[in-house]
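Text of the file run_20.txt, holding compact mmCIF, N, CA and C atoms:
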```
# COMPACT_ATOMS: atom_id res chain seq x y z
N MET A 148 82.90 -15.32 -14.59
CA MET A 148 83.89 -15.49 -15.64
C MET A 148 85.28 -15.31 -15.03
N PRO A 149 86.22 -16.20 -15.34
CA PRO A 149 87.58 -16.06 -14.81
C PRO A 149 88.21 -14.75 -15.28
N GLU A 150 89.10 -14.24 -14.45
CA GLU A 150 89.78 -12.98 -14.75
C GLU A 150 91.19 -13.24 -15.25
N LEU A 151 91.61 -12.44 -16.20
CA LEU A 151 92.97 -12.50 -16.74
C LEU A 151 93.82 -11.48 -16.00
N THR A 152 94.95 -11.92 -15.43
CA THR A 152 95.86 -10.98 -14.78
C THR A 152 97.24 -11.09 -15.42
N LEU A 153 97.90 -9.95 -15.56
CA LEU A 153 99.26 -9.92 -16.11
C LEU A 153 100.18 -9.28 -15.08
N LYS A 154 101.35 -9.88 -14.91
CA LYS A 154 102.37 -9.33 -14.02
C LYS A 154 103.66 -9.25 -14.83
N ARG A 155 104.18 -8.04 -14.94
CA ARG A 155 105.42 -7.84 -15.71
C ARG A 155 106.58 -8.46 -14.96
N THR A 156 107.33 -9.32 -15.65
CA THR A 156 108.48 -9.99 -15.03
C THR A 156 109.79 -9.62 -15.70
N GLY A 157 109.73 -8.84 -16.76
CA GLY A 157 110.92 -8.40 -17.48
C GLY A 157 110.51 -7.39 -18.54
N PRO A 158 111.46 -6.82 -19.27
CA PRO A 158 111.13 -5.79 -20.26
C PRO A 158 110.21 -6.30 -21.37
N THR A 159 110.28 -7.58 -21.70
CA THR A 159 109.43 -8.13 -22.77
C THR A 159 108.77 -9.43 -22.33
N THR A 160 108.51 -9.56 -21.03
CA THR A 160 107.93 -10.79 -20.49
C THR A 160 106.87 -10.48 -19.44
N TYR A 161 105.74 -11.17 -19.54
CA TYR A 161 104.68 -11.06 -18.55
C TYR A 161 104.26 -12.46 -18.11
N GLU A 162 103.94 -12.59 -16.83
CA GLU A 162 103.31 -13.81 -16.33
C GLU A 162 101.81 -13.59 -16.42
N VAL A 163 101.12 -14.50 -17.06
CA VAL A 163 99.68 -14.41 -17.25
C VAL A 163 99.02 -15.48 -16.39
N THR A 164 97.99 -15.07 -15.64
CA THR A 164 97.22 -16.03 -14.85
C THR A 164 95.77 -15.95 -15.30
N TYR A 165 95.18 -17.12 -15.55
CA TYR A 165 93.78 -17.20 -15.98
C TYR A 165 93.19 -18.50 -15.46
N ASP A 166 92.12 -18.40 -14.72
CA ASP A 166 91.39 -19.57 -14.22
C ASP A 166 92.32 -20.53 -13.47
N GLY A 167 93.25 -19.98 -12.68
CA GLY A 167 94.14 -20.79 -11.86
C GLY A 167 95.37 -21.33 -12.57
N ALA A 168 95.48 -21.12 -13.87
CA ALA A 168 96.64 -21.61 -14.63
C ALA A 168 97.55 -20.43 -14.99
N SER A 169 98.84 -20.72 -15.14
CA SER A 169 99.81 -19.68 -15.48
C SER A 169 100.38 -19.91 -16.88
N TYR A 170 100.69 -18.80 -17.53
CA TYR A 170 101.23 -18.79 -18.89
C TYR A 170 102.30 -17.70 -18.96
N LEU A 171 103.05 -17.68 -20.04
CA LEU A 171 104.02 -16.61 -20.29
C LEU A 171 103.64 -15.89 -21.58
N LEU A 172 103.70 -14.57 -21.55
CA LEU A 172 103.52 -13.72 -22.72
C LEU A 172 104.88 -13.08 -22.96
N ILE A 173 105.51 -13.41 -24.08
CA ILE A 173 106.88 -12.98 -24.36
C ILE A 173 106.94 -12.32 -25.73
N LYS A 174 107.67 -11.22 -25.81
CA LYS A 174 107.86 -10.53 -27.09
C LYS A 174 109.16 -11.03 -27.72
N HIS A 175 109.06 -11.57 -28.93
CA HIS A 175 110.20 -12.14 -29.65
C HIS A 175 110.38 -11.44 -30.99
N PRO A 176 111.62 -11.40 -31.51
CA PRO A 176 111.79 -10.92 -32.88
C PRO A 176 111.27 -11.97 -33.87
N GLY A 177 110.85 -11.50 -35.02
CA GLY A 177 110.41 -12.41 -36.07
C GLY A 177 111.59 -13.12 -36.70
N ARG A 178 111.30 -14.00 -37.62
CA ARG A 178 112.36 -14.74 -38.31
C ARG A 178 113.24 -13.81 -39.12
N ALA A 179 114.49 -14.21 -39.26
CA ALA A 179 115.43 -13.42 -40.05
C ALA A 179 115.14 -13.59 -41.54
N ASP A 180 115.36 -12.52 -42.30
CA ASP A 180 115.19 -12.62 -43.74
C ASP A 180 116.49 -13.17 -44.35
N ASP A 181 116.55 -13.23 -45.67
CA ASP A 181 117.72 -13.82 -46.33
C ASP A 181 119.00 -13.00 -46.13
N LYS A 182 118.87 -11.75 -45.62
CA LYS A 182 120.05 -10.93 -45.34
C LYS A 182 120.40 -10.94 -43.85
N GLY A 183 119.70 -11.76 -43.08
CA GLY A 183 119.99 -11.88 -41.66
C GLY A 183 119.33 -10.84 -40.77
N ARG A 184 118.45 -10.01 -41.34
CA ARG A 184 117.76 -8.99 -40.54
C ARG A 184 116.55 -9.63 -39.86
N LEU A 185 116.43 -9.38 -38.55
CA LEU A 185 115.31 -9.95 -37.81
C LEU A 185 114.02 -9.22 -38.14
N GLY A 186 112.92 -9.95 -38.11
CA GLY A 186 111.62 -9.36 -38.36
C GLY A 186 111.14 -8.54 -37.17
N ARG A 187 109.94 -7.99 -37.28
CA ARG A 187 109.36 -7.16 -36.22
C ARG A 187 109.14 -7.98 -34.95
N LEU A 188 109.27 -7.33 -33.82
CA LEU A 188 108.99 -7.98 -32.56
C LEU A 188 107.50 -8.26 -32.46
N SER A 189 107.13 -9.46 -31.97
CA SER A 189 105.72 -9.78 -31.78
C SER A 189 105.54 -10.59 -30.51
N TRP A 190 104.34 -10.48 -29.94
CA TRP A 190 104.01 -11.17 -28.70
C TRP A 190 103.57 -12.60 -28.99
N ARG A 191 104.02 -13.53 -28.14
CA ARG A 191 103.63 -14.94 -28.25
C ARG A 191 103.23 -15.44 -26.87
N LEU A 192 102.21 -16.29 -26.84
CA LEU A 192 101.72 -16.86 -25.59
C LEU A 192 102.20 -18.29 -25.48
N TYR A 193 102.78 -18.62 -24.32
CA TYR A 193 103.32 -19.95 -24.07
C TYR A 193 102.68 -20.56 -22.82
N PRO A 194 102.57 -21.90 -22.79
CA PRO A 194 102.20 -22.53 -21.53
C PRO A 194 103.32 -22.29 -20.51
N TRP A 195 102.97 -22.39 -19.22
CA TRP A 195 104.00 -22.21 -18.20
C TRP A 195 105.09 -23.25 -18.40
N PRO A 196 106.36 -22.86 -18.32
CA PRO A 196 107.46 -23.80 -18.58
C PRO A 196 107.45 -24.99 -17.61
N SER A 197 107.72 -26.16 -18.13
CA SER A 197 107.79 -27.37 -17.30
C SER A 197 109.10 -27.42 -16.54
N ALA A 198 110.10 -26.70 -17.01
CA ALA A 198 111.40 -26.62 -16.35
C ALA A 198 112.01 -25.26 -16.68
N PRO A 199 112.89 -24.74 -15.84
CA PRO A 199 113.50 -23.44 -16.13
C PRO A 199 114.17 -23.42 -17.50
N GLY A 200 113.86 -22.40 -18.29
CA GLY A 200 114.48 -22.24 -19.60
C GLY A 200 113.90 -23.11 -20.70
N VAL A 201 112.86 -23.91 -20.39
CA VAL A 201 112.26 -24.81 -21.40
C VAL A 201 110.91 -24.24 -21.81
N LEU A 202 110.81 -23.80 -23.06
CA LEU A 202 109.53 -23.30 -23.57
C LEU A 202 108.90 -24.33 -24.49
N GLU A 203 107.65 -24.62 -24.23
CA GLU A 203 106.87 -25.46 -25.13
C GLU A 203 106.54 -24.62 -26.38
N PRO A 204 106.04 -25.24 -27.45
CA PRO A 204 105.63 -24.44 -28.61
C PRO A 204 104.59 -23.38 -28.22
N ALA A 205 104.65 -22.25 -28.89
CA ALA A 205 103.73 -21.16 -28.59
C ALA A 205 102.29 -21.58 -28.83
N LEU A 206 101.39 -21.15 -27.95
CA LEU A 206 99.96 -21.39 -28.12
C LEU A 206 99.38 -20.47 -29.19
N ALA A 207 99.96 -19.26 -29.29
CA ALA A 207 99.43 -18.29 -30.25
C ALA A 207 100.45 -17.18 -30.50
N TYR A 208 100.39 -16.63 -31.69
CA TYR A 208 101.15 -15.45 -32.08
C TYR A 208 100.16 -14.29 -32.05
N LEU A 209 100.47 -13.22 -31.29
CA LEU A 209 99.44 -12.25 -30.94
C LEU A 209 99.71 -10.83 -31.40
N GLY A 210 100.58 -10.63 -32.36
CA GLY A 210 100.79 -9.31 -32.91
C GLY A 210 101.87 -8.51 -32.21
N THR A 211 101.99 -7.25 -32.58
CA THR A 211 103.11 -6.42 -32.13
C THR A 211 102.76 -5.48 -30.98
N ARG A 212 101.47 -5.21 -30.76
CA ARG A 212 101.07 -4.27 -29.71
C ARG A 212 100.62 -5.02 -28.46
N LEU A 213 101.10 -4.60 -27.30
CA LEU A 213 100.78 -5.27 -26.05
C LEU A 213 99.29 -5.23 -25.74
N ASP A 214 98.63 -4.08 -25.94
CA ASP A 214 97.20 -3.99 -25.62
C ASP A 214 96.39 -4.98 -26.46
N HIS A 215 96.72 -5.09 -27.72
CA HIS A 215 96.02 -6.04 -28.60
C HIS A 215 96.36 -7.49 -28.20
N ALA A 216 97.61 -7.74 -27.88
CA ALA A 216 98.03 -9.09 -27.46
C ALA A 216 97.30 -9.52 -26.19
N GLN A 217 97.07 -8.59 -25.27
CA GLN A 217 96.34 -8.93 -24.04
C GLN A 217 94.91 -9.36 -24.35
N ARG A 218 94.25 -8.64 -25.24
CA ARG A 218 92.86 -8.99 -25.59
C ARG A 218 92.81 -10.33 -26.33
N LEU A 219 93.77 -10.57 -27.22
CA LEU A 219 93.82 -11.85 -27.93
C LEU A 219 94.17 -12.99 -26.98
N THR A 220 95.01 -12.73 -25.99
CA THR A 220 95.36 -13.75 -24.99
C THR A 220 94.10 -14.25 -24.31
N LEU A 221 93.23 -13.35 -23.90
CA LEU A 221 91.99 -13.76 -23.25
C LEU A 221 91.15 -14.63 -24.18
N LEU A 222 91.05 -14.26 -25.45
CA LEU A 222 90.28 -15.07 -26.39
C LEU A 222 90.88 -16.47 -26.54
N VAL A 223 92.20 -16.55 -26.66
CA VAL A 223 92.87 -17.85 -26.81
C VAL A 223 92.61 -18.72 -25.58
N LEU A 224 92.70 -18.13 -24.40
CA LEU A 224 92.50 -18.91 -23.18
C LEU A 224 91.03 -19.29 -22.97
N GLU A 225 90.13 -18.57 -23.61
CA GLU A 225 88.71 -18.93 -23.58
C GLU A 225 88.37 -20.00 -24.62
N GLY A 226 89.36 -20.42 -25.42
CA GLY A 226 89.13 -21.49 -26.37
C GLY A 226 89.05 -21.07 -27.83
N TRP A 227 89.27 -19.80 -28.14
CA TRP A 227 89.21 -19.32 -29.51
C TRP A 227 90.58 -19.42 -30.17
N ARG A 228 90.59 -19.69 -31.48
CA ARG A 228 91.82 -19.75 -32.27
C ARG A 228 91.57 -19.11 -33.64
N PHE A 229 92.63 -18.54 -34.20
CA PHE A 229 92.53 -18.01 -35.56
C PHE A 229 92.11 -19.13 -36.49
N TYR A 230 91.17 -18.86 -37.39
CA TYR A 230 90.66 -19.87 -38.31
C TYR A 230 90.97 -19.53 -39.77
N SER A 231 90.64 -18.30 -40.20
CA SER A 231 90.91 -17.94 -41.59
C SER A 231 90.85 -16.42 -41.77
N ARG A 232 91.43 -15.97 -42.87
CA ARG A 232 91.33 -14.57 -43.27
C ARG A 232 90.22 -14.48 -44.31
N THR A 233 89.51 -13.37 -44.27
CA THR A 233 88.43 -13.16 -45.23
C THR A 233 88.27 -11.67 -45.48
N THR A 234 87.75 -11.34 -46.62
CA THR A 234 87.46 -9.93 -46.90
C THR A 234 86.01 -9.61 -46.59
N SER A 235 85.19 -10.63 -46.31
CA SER A 235 83.78 -10.38 -46.05
C SER A 235 83.47 -10.04 -44.60
N ALA A 236 84.39 -10.30 -43.68
CA ALA A 236 84.15 -10.00 -42.26
C ALA A 236 84.88 -8.72 -41.87
N PRO A 237 84.24 -7.89 -41.04
CA PRO A 237 84.95 -6.71 -40.54
C PRO A 237 86.21 -7.15 -39.80
N GLY A 238 87.33 -6.51 -40.08
CA GLY A 238 88.57 -6.89 -39.44
C GLY A 238 89.34 -7.92 -40.22
N GLY A 239 88.66 -8.65 -41.11
CA GLY A 239 89.34 -9.57 -42.01
C GLY A 239 89.75 -10.92 -41.44
N GLU A 240 89.39 -11.23 -40.18
CA GLU A 240 89.76 -12.52 -39.61
C GLU A 240 88.54 -13.21 -39.03
N ILE A 241 88.51 -14.52 -39.20
CA ILE A 241 87.49 -15.36 -38.58
C ILE A 241 88.20 -16.24 -37.56
N TRP A 242 87.64 -16.34 -36.36
CA TRP A 242 88.19 -17.20 -35.32
C TRP A 242 87.19 -18.31 -35.01
N ARG A 243 87.70 -19.48 -34.62
CA ARG A 243 86.85 -20.63 -34.31
C ARG A 243 87.05 -21.04 -32.85
N HIS A 244 85.94 -21.37 -32.21
CA HIS A 244 85.97 -21.84 -30.82
C HIS A 244 86.10 -23.36 -30.81
N THR A 245 86.52 -23.89 -29.68
CA THR A 245 86.65 -25.35 -29.58
C THR A 245 85.32 -26.07 -29.78
N ASP A 246 84.19 -25.38 -29.62
CA ASP A 246 82.89 -26.00 -29.85
C ASP A 246 82.46 -25.94 -31.32
N GLY A 247 83.30 -25.36 -32.20
CA GLY A 247 83.02 -25.30 -33.63
C GLY A 247 82.42 -23.98 -34.10
N THR A 248 82.00 -23.13 -33.18
CA THR A 248 81.44 -21.82 -33.52
C THR A 248 82.51 -20.95 -34.18
N THR A 249 82.13 -20.21 -35.22
CA THR A 249 83.05 -19.26 -35.83
C THR A 249 82.47 -17.85 -35.69
N ARG A 250 83.36 -16.87 -35.48
CA ARG A 250 82.94 -15.47 -35.34
C ARG A 250 84.00 -14.56 -35.93
N PRO A 251 83.61 -13.38 -36.45
CA PRO A 251 84.60 -12.40 -36.86
C PRO A 251 85.38 -11.90 -35.64
N LEU A 252 86.65 -11.63 -35.82
CA LEU A 252 87.49 -11.17 -34.73
C LEU A 252 86.94 -9.91 -34.09
N ASN A 253 86.44 -8.97 -34.88
CA ASN A 253 85.92 -7.72 -34.31
C ASN A 253 84.77 -7.98 -33.33
N ASP A 254 83.90 -8.97 -33.61
CA ASP A 254 82.83 -9.34 -32.69
C ASP A 254 83.41 -9.86 -31.38
N LEU A 255 84.44 -10.68 -31.49
CA LEU A 255 85.06 -11.25 -30.29
C LEU A 255 85.70 -10.16 -29.45
N LEU A 256 86.45 -9.26 -30.09
CA LEU A 256 87.12 -8.19 -29.36
C LEU A 256 86.10 -7.25 -28.70
N ALA A 257 84.93 -7.10 -29.29
CA ALA A 257 83.89 -6.26 -28.72
C ALA A 257 83.13 -6.97 -27.60
N GLY A 258 83.39 -8.27 -27.42
CA GLY A 258 82.71 -9.02 -26.37
C GLY A 258 81.34 -9.51 -26.76
N ASN A 259 81.00 -9.44 -28.05
CA ASN A 259 79.66 -9.84 -28.48
C ASN A 259 79.39 -11.33 -28.36
N HIS A 260 80.42 -12.13 -28.12
CA HIS A 260 80.25 -13.57 -27.99
C HIS A 260 79.91 -13.99 -26.56
N ARG A 261 80.03 -13.08 -25.62
CA ARG A 261 79.75 -13.38 -24.22
C ARG A 261 78.30 -13.09 -23.93
N THR A 262 77.65 -13.98 -23.23
CA THR A 262 76.25 -13.76 -22.85
C THR A 262 76.14 -13.83 -21.34
N GLU A 263 75.25 -13.06 -20.80
CA GLU A 263 75.00 -13.09 -19.36
C GLU A 263 73.98 -14.18 -19.05
N ASP A 264 74.25 -14.94 -18.01
CA ASP A 264 73.31 -16.00 -17.60
C ASP A 264 72.22 -15.43 -16.71
```

Go ahead and express the file in the form of structure tokens.
Amino acid sequence: MPELTLKRTGPTTYEVTYDGASYLLIKHPGRADDKGRLGRLSWRLYPWPSAPGVLEPALAYLGTRLDHAQRLTLLVLEGWRFYSRTTSAPGGEIWRHTDGTTRPLNDLLAGNHRTED
């Protein structure tokens, strides 16, 4: 299984390497409210920039805590994406893989979706 590595490149920026490809994990403020106050800072995953200072649209919004964002980054790079919120699944979120499989987020974070060959 490919390994995820993070290298801190600034106070709110990490270079992420996974399976030979590079990405950026950057902490951004949320959108401003009607009074101009910025929302909470949250981590976002971006493809590696095609040119200096040019960011493509974010691949995923990964929450406010770095440890959680790192675990979600691995899931996103393995092909999982947020699918829906539900009250019937532990953790309240269902994620879908590119192959169509759906799983509760807590199962994914626990590694229950990985099988040994």

Near-Glu203 (chain A) list (8 Å; all atoms listed in the file; drop same-chain fewer than 6 positions) as a PyMOL selection string: chain A and resi 192-197

For the residues in the current selection, export N, CA and C atoms as a short mmCIF file (atom, residue, chain, number, x, y, z; two decimals), in the coordinates of the input.
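Saved to again_9.cif:
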```
data_model
loop_
_atom_site.label_atom_id
_atom_site.label_comp_id
_atom_site.auth_asym_id
_atom_site.auth_seq_id
_atom_site.Cartn_x
_atom_site.Cartn_y
_atom_site.Cartn_z
N LEU A 192 102.21 -16.29 -26.84
CA LEU A 192 101.72 -16.86 -25.59
C LEU A 192 102.20 -18.29 -25.48
N TYR A 193 102.78 -18.62 -24.32
CA TYR A 193 103.32 -19.95 -24.07
C TYR A 193 102.68 -20.56 -22.82
N PRO A 194 102.57 -21.90 -22.79
CA PRO A 194 102.20 -22.53 -21.53
C PRO A 194 103.32 -22.29 -20.51
N TRP A 195 102.97 -22.39 -19.22
CA TRP A 195 104.00 -22.21 -18.20
C TRP A 195 105.09 -23.25 -18.40
N PRO A 196 106.36 -22.86 -18.32
CA PRO A 196 107.46 -23.80 -18.58
C PRO A 196 107.45 -24.99 -17.61
N SER A 197 107.72 -26.16 -18.13
CA SER A 197 107.79 -27.37 -17.30
C SER A 197 109.10 -27.42 -16.54
#
```

Residues near Pro149 (chain A), cut-off 8 Å, all atoms listed in the file, skip fewer than 4 positions along chain, as a list in words: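 What passes the distance filter is Thr164, Tyr165, Asp166 and Gly167 of chain A.
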
Strand (DSSP E or B) call set, DSSP backbone run, chain A, as an MDAnalysis selection string: chainID A and resid 151:157 160:165 168:177 186:194 207:208 227:232 240:244 249:251

I need the residues from that last selection saved to file as a CSV table (one decimal), in the coordinates of the input (with N, CA and C atoms), if you can.
```
chain,number,residue,atom,x,y,z
A,151,LEU,N,91.6,-12.4,-16.2
A,151,LEU,CA,93.0,-12.5,-16.7
A,151,LEU,C,93.8,-11.5,-16.0
A,152,THR,N,95.0,-11.9,-15.4
A,152,THR,CA,95.9,-11.0,-14.8
A,152,THR,C,97.2,-11.1,-15.4
A,153,LEU,N,97.9,-10.0,-15.6
A,153,LEU,CA,99.3,-9.9,-16.1
A,153,LEU,C,100.2,-9.3,-15.1
A,154,LYS,N,101.4,-9.9,-14.9
A,154,LYS,CA,102.4,-9.3,-14.0
A,154,LYS,C,103.7,-9.2,-14.8
A,155,ARG,N,104.2,-8.0,-14.9
A,155,ARG,CA,105.4,-7.8,-15.7
A,155,ARG,C,106.6,-8.5,-15.0
A,156,THR,N,107.3,-9.3,-15.6
A,156,THR,CA,108.5,-10.0,-15.0
A,156,THR,C,109.8,-9.6,-15.7
A,157,GLY,N,109.7,-8.8,-16.8
A,157,GLY,CA,110.9,-8.4,-17.5
A,157,GLY,C,110.5,-7.4,-18.5
A,160,THR,N,108.5,-9.6,-21.0
A,160,THR,CA,107.9,-10.8,-20.5
A,160,THR,C,106.9,-10.5,-19.4
A,161,TYR,N,105.7,-11.2,-19.5
A,161,TYR,CA,104.7,-11.1,-18.6
A,161,TYR,C,104.3,-12.5,-18.1
A,162,GLU,N,103.9,-12.6,-16.8
A,162,GLU,CA,103.3,-13.8,-16.3
A,162,GLU,C,101.8,-13.6,-16.4
A,163,VAL,N,101.1,-14.5,-17.1
A,163,VAL,CA,99.7,-14.4,-17.2
A,163,VAL,C,99.0,-15.5,-16.4
A,164,THR,N,98.0,-15.1,-15.6
A,164,THR,CA,97.2,-16.0,-14.8
A,164,THR,C,95.8,-16.0,-15.3
A,165,TYR,N,95.2,-17.1,-15.6
A,165,TYR,CA,93.8,-17.2,-16.0
A,165,TYR,C,93.2,-18.5,-15.5
A,168,ALA,N,95.5,-21.1,-13.9
A,168,ALA,CA,96.6,-21.6,-14.6
A,168,ALA,C,97.6,-20.4,-15.0
A,169,SER,N,98.8,-20.7,-15.1
A,169,SER,CA,99.8,-19.7,-15.5
A,169,SER,C,100.4,-19.9,-16.9
A,170,TYR,N,100.7,-18.8,-17.5
A,170,TYR,CA,101.2,-18.8,-18.9
A,170,TYR,C,102.3,-17.7,-19.0
A,171,LEU,N,103.0,-17.7,-20.0
A,171,LEU,CA,104.0,-16.6,-20.3
A,171,LEU,C,103.6,-15.9,-21.6
A,172,LEU,N,103.7,-14.6,-21.6
A,172,LEU,CA,103.5,-13.7,-22.7
A,172,LEU,C,104.9,-13.1,-23.0
A,173,ILE,N,105.5,-13.4,-24.1
A,173,ILE,CA,106.9,-13.0,-24.4
A,173,ILE,C,106.9,-12.3,-25.7
A,174,LYS,N,107.7,-11.2,-25.8
A,174,LYS,CA,107.9,-10.5,-27.1
A,174,LYS,C,109.2,-11.0,-27.7
A,175,HIS,N,109.1,-11.6,-28.9
A,175,HIS,CA,110.2,-12.1,-29.6
A,175,HIS,C,110.4,-11.4,-31.0
A,176,PRO,N,111.6,-11.4,-31.5
A,176,PRO,CA,111.8,-10.9,-32.9
A,176,PRO,C,111.3,-12.0,-33.9
A,177,GLY,N,110.8,-11.5,-35.0
A,177,GLY,CA,110.4,-12.4,-36.1
A,177,GLY,C,111.6,-13.1,-36.7
A,186,GLY,N,112.9,-10.0,-38.1
A,186,GLY,CA,111.6,-9.4,-38.4
A,186,GLY,C,111.1,-8.5,-37.2
A,187,ARG,N,109.9,-8.0,-37.3
A,187,ARG,CA,109.4,-7.2,-36.2
A,187,ARG,C,109.1,-8.0,-35.0
A,188,LEU,N,109.3,-7.3,-33.8
A,188,LEU,CA,109.0,-8.0,-32.6
A,188,LEU,C,107.5,-8.3,-32.5
A,189,SER,N,107.1,-9.5,-32.0
A,189,SER,CA,105.7,-9.8,-31.8
A,189,SER,C,105.5,-10.6,-30.5
A,190,TRP,N,104.3,-10.5,-29.9
A,190,TRP,CA,104.0,-11.2,-28.7
A,190,TRP,C,103.6,-12.6,-29.0
A,191,ARG,N,104.0,-13.5,-28.1
A,191,ARG,CA,103.6,-14.9,-28.2
A,191,ARG,C,103.2,-15.4,-26.9
A,192,LEU,N,102.2,-16.3,-26.8
A,192,LEU,CA,101.7,-16.9,-25.6
A,192,LEU,C,102.2,-18.3,-25.5
A,193,TYR,N,102.8,-18.6,-24.3
A,193,TYR,CA,103.3,-20.0,-24.1
A,193,TYR,C,102.7,-20.6,-22.8
A,194,PRO,N,102.6,-21.9,-22.8
A,194,PRO,CA,102.2,-22.5,-21.5
A,194,PRO,C,103.3,-22.3,-20.5
A,207,ALA,N,100.0,-19.3,-29.3
A,207,ALA,CA,99.4,-18.3,-30.2
A,207,ALA,C,100.4,-17.2,-30.5
A,208,TYR,N,100.4,-16.6,-31.7
A,208,TYR,CA,101.2,-15.4,-32.1
A,208,TYR,C,100.2,-14.3,-32.0
A,227,TRP,N,89.3,-19.8,-28.1
A,227,TRP,CA,89.2,-19.3,-29.5
A,227,TRP,C,90.6,-19.4,-30.2
A,228,ARG,N,90.6,-19.7,-31.5
A,228,ARG,CA,91.8,-19.8,-32.3
A,228,ARG,C,91.6,-19.1,-33.6
A,229,PHE,N,92.6,-18.5,-34.2
A,229,PHE,CA,92.5,-18.0,-35.6
A,229,PHE,C,92.1,-19.1,-36.5
A,230,TYR,N,91.2,-18.9,-37.4
A,230,TYR,CA,90.7,-19.9,-38.3
A,230,TYR,C,91.0,-19.5,-39.8
A,231,SER,N,90.6,-18.3,-40.2
A,231,SER,CA,90.9,-17.9,-41.6
A,231,SER,C,90.8,-16.4,-41.8
A,232,ARG,N,91.4,-16.0,-42.9
A,232,ARG,CA,91.3,-14.6,-43.3
A,232,ARG,C,90.2,-14.5,-44.3
A,240,GLU,N,89.4,-11.2,-40.2
A,240,GLU,CA,89.8,-12.5,-39.6
A,240,GLU,C,88.5,-13.2,-39.0
A,241,ILE,N,88.5,-14.5,-39.2
A,241,ILE,CA,87.5,-15.4,-38.6
A,241,ILE,C,88.2,-16.2,-37.6
A,242,TRP,N,87.6,-16.3,-36.4
A,242,TRP,CA,88.2,-17.2,-35.3
A,242,TRP,C,87.2,-18.3,-35.0
A,243,ARG,N,87.7,-19.5,-34.6
A,243,ARG,CA,86.8,-20.6,-34.3
A,243,ARG,C,87.0,-21.0,-32.8
A,244,HIS,N,85.9,-21.4,-32.2
A,244,HIS,CA,86.0,-21.8,-30.8
A,244,HIS,C,86.1,-23.4,-30.8
A,249,THR,N,82.1,-20.2,-35.2
A,249,THR,CA,83.0,-19.3,-35.8
A,249,THR,C,82.5,-17.8,-35.7
A,250,ARG,N,83.4,-16.9,-35.5
A,250,ARG,CA,82.9,-15.5,-35.3
A,250,ARG,C,84.0,-14.6,-35.9
A,251,PRO,N,83.6,-13.4,-36.4
A,251,PRO,CA,84.6,-12.4,-36.9
A,251,PRO,C,85.4,-11.9,-35.6
```

Nearby residues, (94.9, -13.6, -29.1) file frame, 12 Å, only C-alpha atoms, as a PyMOL selection string: chain A and resi 172+189-193+205-230+240+242-243+252-253+255-256

Computed interatomic separation between CA of Leu153 (chain A) and CA of Leu171 (chain A) (Å):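 Computing it gives 9.2 Å between the two atoms.
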
CA of Arg250 (chain A) to CA of Arg187 (chain A), distance in Å rounded to a single decimal: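 Separation of CA of Arg250 (chain A) and CA of Arg187 (chain A): 27.7 Å.
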
Alpha helix (DSSP H) per DSSP on the backbone: members of chain A, as a ChimeraX atom specification: /A:213-224,252-256

From A:Ala198, A:Ala179, A:Val163, A:Leu188, residue lying nearest Glu150 (chain A) [only C-alpha atoms]: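 That would be A:Val163, the residue with the smallest distance to Glu150 (chain A).
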
Point (79.1, -17.7, -27.4), cut-off 10 Å, counting only C-alpha atoms, residues as a PyMOL selection string: chain A and resi 244+246+248-250+255+258-262

Straight-line distance linking atom N of Pro204 (chain A) with atom N of Ile173 (chain A), stated in Å to one decimal: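 Taking atom N of Pro204 (chain A) and atom N of Ile173 (chain A), their separation equals 12.3 Å.
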
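Ranking A:Gly239, A:Pro176, A:Pro158, A:Gly186 by their shortest atom-to-atom distance to Asp254 (chain A), with only C-alpha atoms included, puts A:Gly239 first.
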